[in-house]
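> Next up, input39.cif (mmCIF, C-alpha atoms).
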data_data
#
loop_
_atom_site.label_atom_id
_atom_site.label_comp_id
_atom_site.auth_asym_id
_atom_site.auth_seq_id
_atom_site.Cartn_x
_atom_site.Cartn_y
_atom_site.Cartn_z
CA MET M 1 0.00 0.00 0.00
CA GLY M 2 2.85 2.37 0.86
CA SER M 3 4.47 1.72 -2.52
CA LEU M 4 1.19 2.40 -4.34
CA LEU M 5 0.59 5.64 -2.43
CA SER M 6 4.16 6.70 -3.23
CA ARG M 7 3.60 6.14 -6.96
CA LEU M 8 0.37 8.15 -6.72
CA GLY M 9 2.04 11.01 -4.83
CA LEU M 10 0.01 10.48 -1.66
CA ASP M 11 2.38 8.61 0.68
CA ARG M 12 2.58 11.25 3.45
CA PRO M 13 -0.29 12.66 5.55
CA GLU M 14 0.40 16.26 4.52
CA LEU M 15 0.31 15.31 0.83
CA ARG M 16 -3.05 13.57 1.20
CA ALA M 17 -4.38 16.51 3.21
CA TRP M 18 -3.19 19.00 0.59
CA ALA M 19 -4.74 17.01 -2.28
CA MET M 20 -8.06 16.73 -0.42
CA TYR M 21 -8.65 20.45 -0.91
CA ASP M 22 -9.01 19.74 -4.63
CA TRP M 23 -11.63 17.13 -3.68
CA ALA M 24 -13.41 19.74 -1.54
CA ALA M 25 -13.38 22.76 -3.84
CA SER M 26 -13.98 20.89 -7.10
CA SER M 27 -17.56 20.33 -5.98
CA MET M 28 -18.07 24.06 -6.37
CA GLN M 29 -16.56 24.03 -9.84
CA THR M 30 -18.64 21.12 -11.16
CA THR M 31 -22.03 21.90 -9.61
CA ILE M 32 -21.92 25.71 -9.38
CA MET M 33 -19.69 26.74 -12.26
CA VAL M 34 -20.48 24.11 -14.89
CA ALA M 35 -23.53 21.88 -14.52
CA VAL M 36 -26.32 23.08 -12.21
CA PHE M 37 -26.15 26.75 -11.23
CA PRO M 38 -25.80 28.18 -14.77
CA ILE M 39 -29.07 26.47 -15.77
CA TYR M 40 -30.77 27.66 -12.55
CA PHE M 41 -29.43 31.17 -13.15
CA VAL M 42 -30.99 31.35 -16.62
CA LYS M 43 -34.25 29.44 -16.01
CA VAL M 44 -35.15 30.56 -12.47
CA ALA M 45 -33.19 33.64 -11.36
CA GLY M 46 -33.47 35.08 -14.87
CA ALA M 47 -37.14 34.21 -15.31
CA GLY M 48 -38.94 37.04 -17.04
CA LEU M 49 -35.97 37.90 -19.23
CA ALA M 50 -35.33 36.53 -22.66
CA GLU M 51 -33.06 33.50 -22.31
CA SER M 52 -30.33 35.32 -24.19
CA GLY M 53 -30.58 38.21 -21.72
CA ALA M 54 -30.00 35.95 -18.72
CA THR M 55 -27.16 34.19 -20.52
CA GLN M 56 -25.58 37.54 -21.29
CA ARG M 57 -25.84 38.49 -17.59
CA LEU M 58 -24.16 35.21 -16.64
CA ALA M 59 -21.30 35.95 -19.04
CA THR M 60 -20.99 39.46 -17.59
CA VAL M 61 -20.75 38.32 -13.97
CA ASN M 62 -18.14 35.75 -14.97
CA THR M 63 -16.08 38.56 -16.49
CA VAL M 64 -16.51 40.83 -13.45
CA ALA M 65 -15.33 38.06 -11.12
CA LEU M 66 -12.38 37.31 -13.43
CA VAL M 67 -11.21 40.93 -13.38
CA ILE M 68 -11.47 41.19 -9.57
CA ILE M 69 -9.54 37.95 -9.12
CA ALA M 70 -6.88 39.01 -11.61
CA VAL M 71 -6.29 42.27 -9.72
CA LEU M 72 -6.27 40.75 -6.22
CA SER M 73 -4.31 37.53 -6.81
CA PRO M 74 -0.74 38.88 -7.20
CA ILE M 75 -1.19 41.41 -4.37
CA LEU M 76 -2.53 38.87 -1.89
CA GLY M 77 0.03 36.30 -3.02
CA ALA M 78 2.88 38.69 -2.29
CA MET M 79 1.35 39.56 1.08
CA SER M 80 1.07 35.88 2.01
CA ASP M 81 4.79 35.36 1.31
CA TYR M 82 5.87 38.37 3.34
CA ARG M 83 3.68 37.60 6.38
CA GLY M 84 3.66 33.79 6.13
CA ILE M 85 -0.15 33.59 6.07
CA LYS M 86 -0.94 31.37 3.10
CA LYS M 87 -3.23 29.06 5.10
CA ARG M 88 -5.03 31.95 6.79
CA LEU M 89 -5.75 33.64 3.49
CA LEU M 90 -6.81 30.30 2.00
CA ALA M 91 -9.25 29.89 4.92
CA LEU M 92 -10.56 33.44 4.44
CA PHE M 93 -11.35 32.94 0.76
CA MET M 94 -12.74 29.46 1.41
CA TRP M 95 -15.20 30.92 3.94
CA ILE M 96 -16.15 33.71 1.52
CA GLY M 97 -16.96 31.09 -1.12
CA VAL M 98 -18.75 28.72 1.26
CA VAL M 99 -21.02 31.45 2.65
CA ALA M 100 -21.84 32.72 -0.86
CA VAL M 101 -22.74 29.23 -2.10
CA LEU M 102 -24.82 28.62 1.04
CA GLY M 103 -26.68 31.86 0.32
CA MET M 104 -27.70 30.51 -3.10
CA PHE M 105 -30.35 28.47 -1.27
CA PHE M 106 -32.36 31.69 -0.95
CA ILE M 107 -32.33 32.56 -4.68
CA GLY M 108 -35.89 32.39 -5.99
CA ARG M 109 -37.67 33.11 -9.22
CA GLY M 110 -36.60 36.47 -10.66
CA ASP M 111 -33.83 37.06 -8.07
CA LEU M 112 -31.30 37.87 -10.78
CA ASP M 113 -29.41 40.54 -8.82
CA LEU M 114 -29.00 38.30 -5.77
CA ALA M 115 -27.89 35.40 -7.98
CA SER M 116 -25.36 37.63 -9.77
CA ILE M 117 -23.84 38.96 -6.55
CA LEU M 118 -23.57 35.55 -4.90
CA PHE M 119 -22.09 33.98 -8.02
CA ILE M 120 -19.42 36.69 -8.26
CA ILE M 121 -18.54 36.29 -4.57
CA SER M 122 -18.41 32.50 -4.85
CA LEU M 123 -16.06 32.67 -7.85
CA ILE M 124 -13.79 35.10 -6.01
CA GLY M 125 -13.82 32.74 -3.03
CA VAL M 126 -12.86 29.59 -4.91
CA ALA M 127 -10.34 31.25 -7.23
CA GLY M 128 -8.73 33.20 -4.39
CA SER M 129 -8.41 30.09 -2.24
CA PHE M 130 -6.74 28.21 -5.10
CA VAL M 131 -4.00 30.85 -5.34
CA PHE M 132 -2.85 29.95 -1.81
CA TYR M 133 -3.62 26.25 -2.17
CA GLU M 134 -1.37 26.02 -5.21
CA ALA M 135 1.26 28.20 -3.54
CA LEU M 136 1.55 25.51 -0.85
CA LEU M 137 2.51 22.87 -3.45
CA PRO M 138 6.27 23.55 -3.60
CA HIS M 139 6.34 23.55 0.21
CA VAL M 140 4.59 20.22 0.81
CA ALA M 141 6.04 18.29 -2.15
CA ARG M 142 9.70 17.42 -2.63
CA PRO M 143 11.30 18.21 -6.02
CA GLY M 144 11.17 14.60 -7.23
CA GLU M 145 7.50 14.10 -6.38
CA ILE M 146 5.93 17.44 -7.27
CA ASP M 147 4.43 16.21 -10.58
CA ARG M 148 2.81 13.18 -8.93
CA VAL M 149 1.43 15.25 -6.06
CA SER M 150 -0.04 17.88 -8.39
CA THR M 151 -1.73 15.28 -10.60
CA ALA M 152 -3.00 13.47 -7.48
CA GLY M 153 -4.73 16.70 -6.47
CA TYR M 154 -6.46 16.95 -9.83
CA ALA M 155 -7.44 13.28 -9.68
CA LEU M 156 -9.02 13.66 -6.25
CA GLY M 157 -10.72 16.81 -7.53
CA TYR M 158 -12.35 14.73 -10.25
CA VAL M 159 -13.51 12.22 -7.63
CA GLY M 160 -14.91 14.78 -5.23
CA GLY M 161 -16.53 16.98 -7.86
CA GLY M 162 -17.88 14.02 -9.82
CA VAL M 163 -19.33 12.11 -6.86
CA LEU M 164 -21.21 15.10 -5.46
CA LEU M 165 -22.42 16.14 -8.92
CA ALA M 166 -23.78 12.63 -9.48
CA PHE M 167 -25.72 12.82 -6.20
CA ASN M 168 -26.93 16.33 -7.03
CA LEU M 169 -28.20 15.26 -10.44
CA ALA M 170 -29.87 12.20 -8.93
CA TRP M 171 -32.00 14.12 -6.45
CA ILE M 172 -32.69 16.92 -8.95
CA GLN M 173 -33.96 14.51 -11.61
CA ARG M 174 -35.62 12.01 -9.23
CA PRO M 175 -36.49 13.97 -6.08
CA ASP M 176 -39.11 11.36 -5.07
CA TRP M 177 -36.30 8.85 -4.43
CA PHE M 178 -35.01 11.13 -1.68
CA GLY M 179 -38.32 12.18 -0.15
CA LEU M 180 -38.19 15.61 -1.77
CA PRO M 181 -41.18 17.40 -3.35
CA SER M 182 -42.02 16.07 -6.81
CA GLY M 183 -44.82 16.02 -9.34
CA ALA M 184 -47.09 18.67 -10.80
CA GLY M 185 -48.70 21.59 -9.00
CA LEU M 186 -45.79 22.43 -6.71
CA SER M 187 -45.18 25.98 -5.55
CA PRO M 188 -42.07 27.64 -7.00
CA SER M 189 -40.27 27.25 -3.68
CA ARG M 190 -41.00 23.52 -3.40
CA ALA M 191 -40.29 22.88 -7.08
CA THR M 192 -36.80 24.39 -6.82
CA LEU M 193 -35.99 22.83 -3.43
CA PRO M 194 -33.90 19.92 -4.82
CA VAL M 195 -31.68 22.31 -6.79
CA ARG M 196 -31.33 24.71 -3.86
CA LEU M 197 -30.38 21.80 -1.60
CA ALA M 198 -27.71 20.90 -4.13
CA PHE M 199 -26.18 24.34 -3.51
CA VAL M 200 -26.22 23.69 0.26
CA SER M 201 -24.55 20.33 -0.26
CA VAL M 202 -21.71 22.02 -2.14
CA ALA M 203 -21.08 24.47 0.72
CA VAL M 204 -21.07 21.67 3.32
CA TRP M 205 -18.89 19.40 1.16
CA TRP M 206 -16.39 22.19 0.48
CA LEU M 207 -16.12 23.08 4.18
CA ILE M 208 -15.84 19.56 5.62
CA PHE M 209 -13.28 18.20 3.18
CA SER M 210 -11.09 21.31 3.54
CA LEU M 211 -10.41 20.50 7.19
CA PRO M 212 -7.56 17.99 6.58
CA LEU M 213 -5.48 20.68 4.88
CA PHE M 214 -5.78 23.03 7.85
CA ARG M 215 -4.96 20.25 10.30
CA ARG M 216 -2.10 18.50 8.50
CA VAL M 217 -0.36 20.96 6.16
CA PRO M 218 2.10 23.24 7.99
CA GLU M 219 2.15 26.96 7.32
CA PRO M 220 5.35 27.83 5.38
CA PRO M 221 7.42 30.33 7.35
CA ALA M 222 7.60 33.94 6.31
CA SER M 223 10.83 34.97 4.63
CA LEU M 224 12.53 38.25 3.91
CA GLU M 225 14.57 39.44 0.98
CA PRO M 226 18.04 40.77 1.94
CA ASP M 227 16.80 44.38 1.85
CA GLU M 228 13.52 43.79 3.76
CA HIS M 229 12.69 44.19 7.44
CA ARG M 230 10.03 42.57 9.56
CA GLY M 231 7.17 44.80 10.72
CA GLU M 232 6.71 46.79 7.52
CA ASN M 233 3.17 47.52 6.32
CA PRO M 234 2.19 44.24 4.56
CA ILE M 235 0.12 45.96 1.86
CA ARG M 236 2.94 48.34 1.00
CA MET M 237 5.43 45.46 1.01
CA ALA M 238 3.15 43.47 -1.28
CA PHE M 239 3.28 46.23 -3.88
CA VAL M 240 7.04 46.61 -3.41
CA ARG M 241 7.52 42.88 -3.98
CA LEU M 242 5.31 42.92 -7.07
CA GLY M 243 7.38 45.72 -8.54
CA GLU M 244 10.56 43.80 -7.80
CA THR M 245 9.16 40.67 -9.43
CA PHE M 246 8.30 42.54 -12.61
CA ARG M 247 11.87 43.82 -12.74
CA GLU M 248 13.29 40.39 -11.89
CA LEU M 249 11.31 38.42 -14.44
CA ARG M 250 14.35 38.27 -16.67
CA SER M 251 16.06 36.33 -13.85
CA TYR M 252 13.28 33.74 -13.99
CA ARG M 253 13.13 33.50 -17.77
CA GLN M 254 12.17 29.83 -17.83
CA ALA M 255 9.27 30.31 -15.41
CA PHE M 256 8.07 33.30 -17.44
CA LEU M 257 8.34 31.32 -20.68
CA MET M 258 6.28 28.59 -19.04
CA LEU M 259 3.66 31.19 -18.11
CA LEU M 260 3.43 32.44 -21.70
CA ALA M 261 3.15 28.94 -23.14
CA PHE M 262 0.52 28.08 -20.50
CA LEU M 263 -1.49 31.21 -21.31
CA ILE M 264 -1.73 30.21 -24.96
CA TYR M 265 -2.31 26.45 -24.85
CA ASN M 266 -4.61 26.74 -21.84
CA ASP M 267 -6.68 29.18 -23.90
CA GLY M 268 -7.31 26.30 -26.30
CA ILE M 269 -8.12 23.91 -23.45
CA GLN M 270 -10.56 26.36 -21.86
CA THR M 271 -12.21 27.01 -25.23
CA ILE M 272 -12.95 23.30 -25.64
CA ILE M 273 -14.31 23.14 -22.07
CA LYS M 274 -16.53 26.19 -22.53
CA MET M 275 -17.76 25.55 -26.06
CA ALA M 276 -18.15 21.76 -26.09
CA THR M 277 -21.74 21.60 -24.82
CA ALA M 278 -22.84 24.52 -27.02
CA TYR M 279 -21.24 22.81 -30.03
CA GLY M 280 -22.92 19.50 -29.12
CA THR M 281 -26.29 21.21 -28.69
CA GLU M 282 -25.95 22.83 -32.12
CA LEU M 283 -25.37 19.39 -33.61
CA GLY M 284 -28.61 18.14 -32.03
CA ILE M 285 -27.15 16.11 -29.16
CA GLY M 286 -29.63 15.88 -26.27
CA GLN M 287 -29.21 17.45 -22.83
CA SER M 288 -29.02 14.08 -21.03
CA ALA M 289 -26.16 12.99 -23.30
CA LEU M 290 -24.34 16.27 -22.69
CA ILE M 291 -24.65 15.92 -18.90
CA GLY M 292 -23.57 12.29 -19.14
CA ALA M 293 -20.50 13.39 -21.09
CA ILE M 294 -19.61 15.89 -18.33
CA LEU M 295 -19.71 13.07 -15.78
CA LEU M 296 -17.69 10.84 -18.11
CA VAL M 297 -14.92 13.45 -18.26
CA GLN M 298 -14.88 13.56 -14.46
CA PHE M 299 -14.53 9.83 -13.92
CA VAL M 300 -12.15 9.12 -16.83
CA GLY M 301 -10.02 11.93 -15.48
CA ILE M 302 -9.45 10.16 -12.15
CA PRO M 303 -7.12 7.34 -13.25
CA CYS M 304 -5.72 9.31 -16.16
CA SER M 305 -4.57 12.17 -13.92
CA PHE M 306 -2.68 9.68 -11.75
CA LEU M 307 -1.22 8.07 -14.89
CA PHE M 308 -0.02 11.43 -16.18
CA GLY M 309 1.84 11.98 -12.90
CA MET M 310 3.53 8.58 -13.24
CA LEU M 311 4.32 9.26 -16.90
CA ALA M 312 5.91 12.60 -16.01
CA SER M 313 8.17 10.87 -13.47
CA ARG M 314 9.46 8.65 -16.31
CA ILE M 315 9.72 10.99 -19.29
CA GLY M 316 9.56 14.42 -17.64
CA ALA M 317 6.68 16.87 -17.24
CA LYS M 318 7.59 18.81 -20.39
CA ARG M 319 7.37 15.77 -22.66
CA ALA M 320 4.15 14.63 -20.98
CA LEU M 321 2.69 18.08 -21.69
CA PHE M 322 3.62 17.76 -25.36
CA LEU M 323 1.72 14.44 -25.42
CA GLY M 324 -1.32 16.14 -23.88
CA LEU M 325 -1.26 18.95 -26.44
CA LEU M 326 -0.97 16.42 -29.27
CA THR M 327 -4.03 14.62 -27.90
CA TYR M 328 -5.97 17.90 -27.74
CA THR M 329 -5.06 18.53 -31.38
CA ALA M 330 -6.50 15.10 -32.28
CA ILE M 331 -9.64 15.94 -30.27
CA SER M 332 -10.13 19.11 -32.32
CA VAL M 333 -9.74 17.21 -35.59
CA LEU M 334 -12.15 14.47 -34.48
CA GLY M 335 -14.57 17.14 -33.28
CA TYR M 336 -14.72 18.48 -36.81
CA PHE M 337 -16.16 15.15 -37.98
CA MET M 338 -18.44 14.56 -34.97
CA LYS M 339 -22.10 13.82 -35.77
CA THR M 340 -23.72 11.66 -33.06
CA ALA M 341 -24.00 11.37 -29.28
CA THR M 342 -21.71 8.35 -29.44
CA HIS M 343 -19.04 10.48 -31.09
CA PHE M 344 -19.51 13.08 -28.35
CA TYR M 345 -18.99 10.45 -25.65
CA ILE M 346 -15.80 9.27 -27.37
CA LEU M 347 -14.48 12.82 -27.46
CA ALA M 348 -15.46 13.33 -23.80
CA ALA M 349 -13.47 10.22 -22.88
CA LEU M 350 -10.46 11.56 -24.80
CA VAL M 351 -10.75 14.92 -23.03
CA GLY M 352 -10.86 13.08 -19.70
CA THR M 353 -7.58 11.35 -20.48
CA VAL M 354 -5.64 14.62 -20.76
CA GLN M 355 -7.59 17.46 -19.15
CA GLY M 356 -6.50 16.93 -15.55
CA GLY M 357 -3.02 15.75 -16.44
CA THR M 358 -2.09 18.71 -18.63
CA GLN M 359 -3.36 21.27 -16.14
CA ALA M 360 -1.77 19.50 -13.16
CA LEU M 361 1.60 19.20 -14.87
CA SER M 362 1.43 22.84 -15.92
CA ARG M 363 0.99 23.71 -12.23
CA SER M 364 3.78 21.45 -10.99
CA LEU M 365 6.24 22.39 -13.75
CA PHE M 366 5.75 26.07 -12.95
CA ALA M 367 6.05 25.37 -9.21
CA SER M 368 9.40 23.63 -9.73
CA MET M 369 10.87 26.74 -11.42
CA ILE M 370 9.86 29.42 -8.92
CA PRO M 371 11.52 30.29 -5.58
CA GLN M 372 9.64 28.78 -2.65
CA HIS M 373 9.79 31.99 -0.63
CA LYS M 374 7.81 33.77 -3.39
CA SER M 375 5.39 30.94 -4.20
CA GLY M 376 2.30 32.94 -3.19
CA GLU M 377 3.34 35.87 -5.34
CA PHE M 378 4.22 33.73 -8.36
CA PHE M 379 1.03 31.70 -8.11
CA GLY M 380 -0.82 35.00 -7.96
CA PHE M 381 0.60 35.69 -11.42
CA PHE M 382 -0.17 32.10 -12.43
CA SER M 383 -3.78 32.72 -11.42
CA VAL M 384 -3.92 35.85 -13.58
CA PHE M 385 -2.63 33.96 -16.61
CA GLU M 386 -4.98 31.07 -15.86
CA LYS M 387 -8.03 33.35 -15.62
CA PHE M 388 -7.24 35.24 -18.79
CA ALA M 389 -6.69 32.00 -20.68
CA GLY M 390 -9.95 31.42 -22.45
CA ILE M 391 -10.59 35.00 -23.54
CA PHE M 392 -9.15 34.84 -27.04
CA GLY M 393 -10.15 31.26 -27.87
CA PRO M 394 -13.91 31.90 -27.76
CA LEU M 395 -13.39 35.15 -29.69
CA ILE M 396 -11.57 33.33 -32.49
CA PHE M 397 -14.17 30.55 -32.28
CA ALA M 398 -16.97 33.09 -32.74
CA GLY M 399 -15.06 34.96 -35.44
CA THR M 400 -14.46 31.75 -37.40
CA ILE M 401 -18.19 30.98 -37.27
CA ALA M 402 -18.98 34.51 -38.49
CA ALA M 403 -16.43 34.28 -41.30
CA THR M 404 -17.17 30.75 -42.49
CA GLY M 405 -20.69 30.11 -41.21
CA SER M 406 -19.54 26.80 -39.69
CA SER M 407 -18.93 25.70 -36.11
CA ARG M 408 -17.01 22.76 -37.54
CA ASN M 409 -14.41 25.15 -38.92
CA ALA M 410 -14.36 26.95 -35.57
CA ILE M 411 -13.44 23.76 -33.71
CA LEU M 412 -10.43 23.37 -36.00
CA SER M 413 -9.30 26.93 -35.22
CA VAL M 414 -8.54 25.88 -31.63
CA ILE M 415 -5.57 23.83 -32.92
CA LEU M 416 -3.73 27.13 -33.39
CA PHE M 417 -3.48 27.57 -29.60
CA PHE M 418 -2.03 24.11 -29.05
CA ALA M 419 0.53 24.62 -31.83
CA LEU M 420 1.67 28.05 -30.60
CA GLY M 421 1.78 26.85 -26.99
CA ALA M 422 3.93 23.88 -28.00
CA LEU M 423 6.30 26.14 -29.93
CA LEU M 424 6.81 28.31 -26.85
CA LEU M 425 7.21 25.26 -24.64
CA ARG M 426 9.83 23.67 -26.90
CA PRO M 427 12.85 25.83 -25.88
CA LEU M 428 11.95 25.67 -22.17
CA ASP M 429 15.01 24.63 -20.11
CA VAL M 430 13.47 23.05 -17.02
CA ALA M 431 16.78 22.24 -15.29
CA GLU M 432 17.98 25.83 -15.68
CA GLY M 433 14.71 27.19 -14.33
CA GLN M 434 14.93 24.94 -11.29
CA ARG M 435 18.58 25.90 -10.67
CA VAL M 436 17.79 29.62 -10.71
CA ALA M 437 14.83 29.16 -8.35
CA ARG M 438 16.87 27.19 -5.79
CA ALA M 439 19.68 29.76 -5.91
CA ALA M 440 17.16 32.51 -5.15
CA ASP M 441 15.84 30.56 -2.15
CA GLN M 442 19.34 30.25 -0.71
CA ALA M 443 19.71 34.04 -0.69
CA VAL M 444 16.74 34.75 1.59
CA ARG M 445 16.60 34.76 5.38
CA PRO M 446 13.80 33.72 7.77
CA ALA M 447 11.53 36.47 9.03
#
Represent the supplied structure as structure tokens.


Amino acid sequence: MGSLLSRLGLDRPELRAWAMYDWAASSMQTTIMVAVFPIYFVKVAGAGLAESGATQRLATVNTVALVIIAVLSPILGAMSDYRGIKKRLLALFMWIGVVAVLGMFFIGRGDLDLASILFIISLIGVAGSFVFYEALLPHVARPGEIDRVSTAGYALGYVGGGVLLAFNLAWIQRPDWFGLPSGAGLSPSRATLPVRLAFVSVAVWWLIFSLPLFRRVPEPPASLEPDEHRGENPIRMAFVRLGETFRELRSYRQAFLMLLAFLIYNDGIQTIIKMATAYGTELGIGQSALIGAILLVQFVGIPCSFLFGMLASRIGAKRALFLGLLTYTAISVLGYFMKTATHFYILAALVGTVQGGTQALSRSLFASMIPQHKSGEFFGFFSVFEKFAGIFGPLIFAGTIAATGSSRNAILSVILFFALGALLLRPLDVAEGQRVARAADQAVRPA
């Protein structure tokens, strides 16, 4: 058992506790961000508006949350490094998200403003918490195991998010099995109760399964640069550190190159995630098949994320990423020829094989090339790049449709992002990036 856990990247209590946060928070991403809340937002909170109007509002609140997160992430990341408060800030943002999701229980028909505010707050909560969660990775994982640990987190995220989503969908579609109101003639409040209880379940799940991280993962100590002193104003020092990092980026060229490559190829990945169901709907694939495909991605992703971590330990994270990008290129080509629900399931299975692995290895590869004492700050930047990935892909997707009149041509356009990302990734010198990061760590002193 110990040997198996070691191969999976889960052989120490702090590693398992760290990875469990992915299990906890992924429930919010699957149920609230992807599968259940967007439909509830349009059909219930947006009742009375044209469906396109509610969808437009949903897109707007996503953008607002993205901008807020992008502004806050580097500042808070730098502050967490200076003060040594990564876990406390993680807890703060977790509670912000949990309370917002819990408040979704009270969203009724036509409550579009309340739904918008709570959705924005919940997105800020989960995204903000992930900045500090990911910043803990280079502290809990040793250099030789960081890829396996990162992919283990994604794999457990697929388990946690997928299991709760399956339960949520079960009591939403068959509420009578669970003793919940069902049938015709229900009041609006009773008719929406199963969905609103799904929101409560996410908040409870997120909170309970976050506890191992706070109990088992130690808080990394604060550290000071040679010219810094303890007791300075943390907000001022955060901005000072951010300015220094911008100036020092040339010293971390490999990490910065990784960020640029990630920004581009992740744009392609996020475009496939965001546009897949819309593309399937346009081709006449039914809603039940689309939801089933979402669950398939979750559960195929569990073993495949672990396998990607093992593969990276054998051939290196960079080569494993190239394999993932090649697979995504094949997915785009096959998507061009897709016609039936069976084809959609096949593509979903292929996405499941690489989605978690490519994103996890991107995280771990970046973590291996940044100084540990600035992990919060650097993962703040990583969060910015991650959030902005997905802006240009949908624009090109929409522009290709407008120019050619075909969504099939648009799905092929996504290949451009994988090709450009791979070209940027090709000259990446991982060993040099790791050497520079370790040298920077040796120059700091404890706070």

> Quick one: residues within 9 Å of Arg57 of chain M, all atoms listed in the file, excluding same-chain residues fewer than 5 positions away - as a VMD selection string?

chain M and resid 42 46 52 62 112 116

> With only C-alpha atoms as the basis for distance, which of M:Leu58, M:Val354, M:Val101, M:Ala349 is at the shortest distance from Cys304 of chain M?

M:Val354

> Using only C-alpha atoms, determine which residues lie at most 9 Å from Phe366 of chain M, disregarding the query and same-chain residues fewer than 3 positions distant; provide the list as JSON, numbers by chain.

{"M": [254, 255, 256, 258, 259, 361, 362, 363, 369, 370, 379, 382]}

> Excluding segment 426-442 of chain M and residues on its chain fewer than 3 positions from it, collect all residues at most 12 Å away from it, counting only C-alpha atoms, and give them as JSON, numbers by chain.

{"M": [138, 143, 144, 223, 224, 225, 226, 248, 249, 250, 251, 252, 253, 254, 255, 256, 257, 258, 259, 260, 261, 262, 316, 317, 318, 319, 321, 322, 364, 365, 366, 367, 368, 369, 370, 371, 372, 373, 374, 375, 378, 419, 420, 421, 422, 423, 445, 446]}

> Would you work out the distance separating atom CA of Gln355 of chain M from atom CA of Phe397 of chain M, expressed in Å to one decimal?

19.7 Å

> Determine, counting only C-alpha atoms, which protein, DNA and RNA residues have an atom within 12 Å of an atom of Ser182 of chain M; residues of the same chain fewer than 3 positions away are not included. Present the result as a PyMOL selection string.

chain M and resi 171-179+185-194

> Counting only C-alpha atoms, which residues of segment 180-207 of chain M sit at most 10 Å from some atom of segment 17-36 of chain M, and what is each one's closest atom pair with its distance in Å to one decimal, listed by chain and rising residue number, as CSV?


residue,atom,partner,partner_atom,distance
M:Val195,CA,M:Val36,CA,7.7
M:Arg196,CA,M:Val36,CA,9.9
M:Ala198,CA,M:Thr31,CA,8.0
M:Phe199,CA,M:Ile32,CA,7.4
M:Ser201,CA,M:Ser27,CA,9.0
M:Val202,CA,M:Ser27,CA,5.9
M:Ala203,CA,M:Met28,CA,7.7
M:Val204,CA,M:Ala24,CA,9.3
M:Trp205,CA,M:Ala24,CA,6.1
M:Trp206,CA,M:Ala24,CA,4.4
M:Leu207,CA,M:Ala24,CA,7.2

> For Leu395 of chain M, which residue among M:Val126, M:Leu424, M:Gly268, M:Val297 is the nearest when counting all atoms listed in the file?

M:Gly268

> Taking only C-alpha atoms into account, name the residue in M:Phe37, M:Ala443, M:Gly77, M:Asp147 that is nearest to Ser122 of chain M.

M:Phe37

> Find the residues near Thr340 of chain M: any atom within 10 Å, counting all atoms listed in the file, skip ones fewer than 5 places away on the same chain, and give them as a list in words.

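Answer for this query is Gly280, Leu283, Gly284, Ile285, Gly286 and Tyr345 of chain M.
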
> Separation of atom CA of Arg314 of chain M and atom CA of Leu156 of chain M, in Å?

21.6 Å

> Apply the PyMOL selection byres ((chain M and resi 90) around 8) to the structure shown and report the selected residues as number ranges by chain.

M: 86-89, 91-94, 128-133

> Using the chain letters and numbering of this document, enumerate as a PyMOL selection string the residues selected by the PyMOL selection byres ((chain M and resi 299) around 9).

chain M and resi 155+158-159+162-163+295-298+300-303+352

> Name the residues captured by the PyMOL selection byres ((chain M and resi 415) around 10) when it is applied to the shown file; answer as a PyMOL selection string.

chain M and resi 265+268-269+325-326+328-333+410-414+416-421

> Between atom CA of Asp267 of chain M and atom CA of Phe381 of chain M, what is the distance in Å, rounded to a tenth?

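Atom-to-atom, atom CA of Asp267 of chain M and atom CA of Phe381 of chain M are spaced 15.8 Å apart.
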
> In terms of the shortest atom-to-atom distance over all atoms listed in the file, which of M:Leu123, M:Ala170, M:Leu180, M:Ala398 is closest to Tyr279 of chain M?

M:Ala398

> From the options M:Ile117, M:Ala360, M:Leu425, M:Leu290, which residue's atoms come nearest to Phe41 of chain M, counting all atoms listed in the file?

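Looking at the shortest contact to Phe41 of chain M, the residue is M:Ile117.
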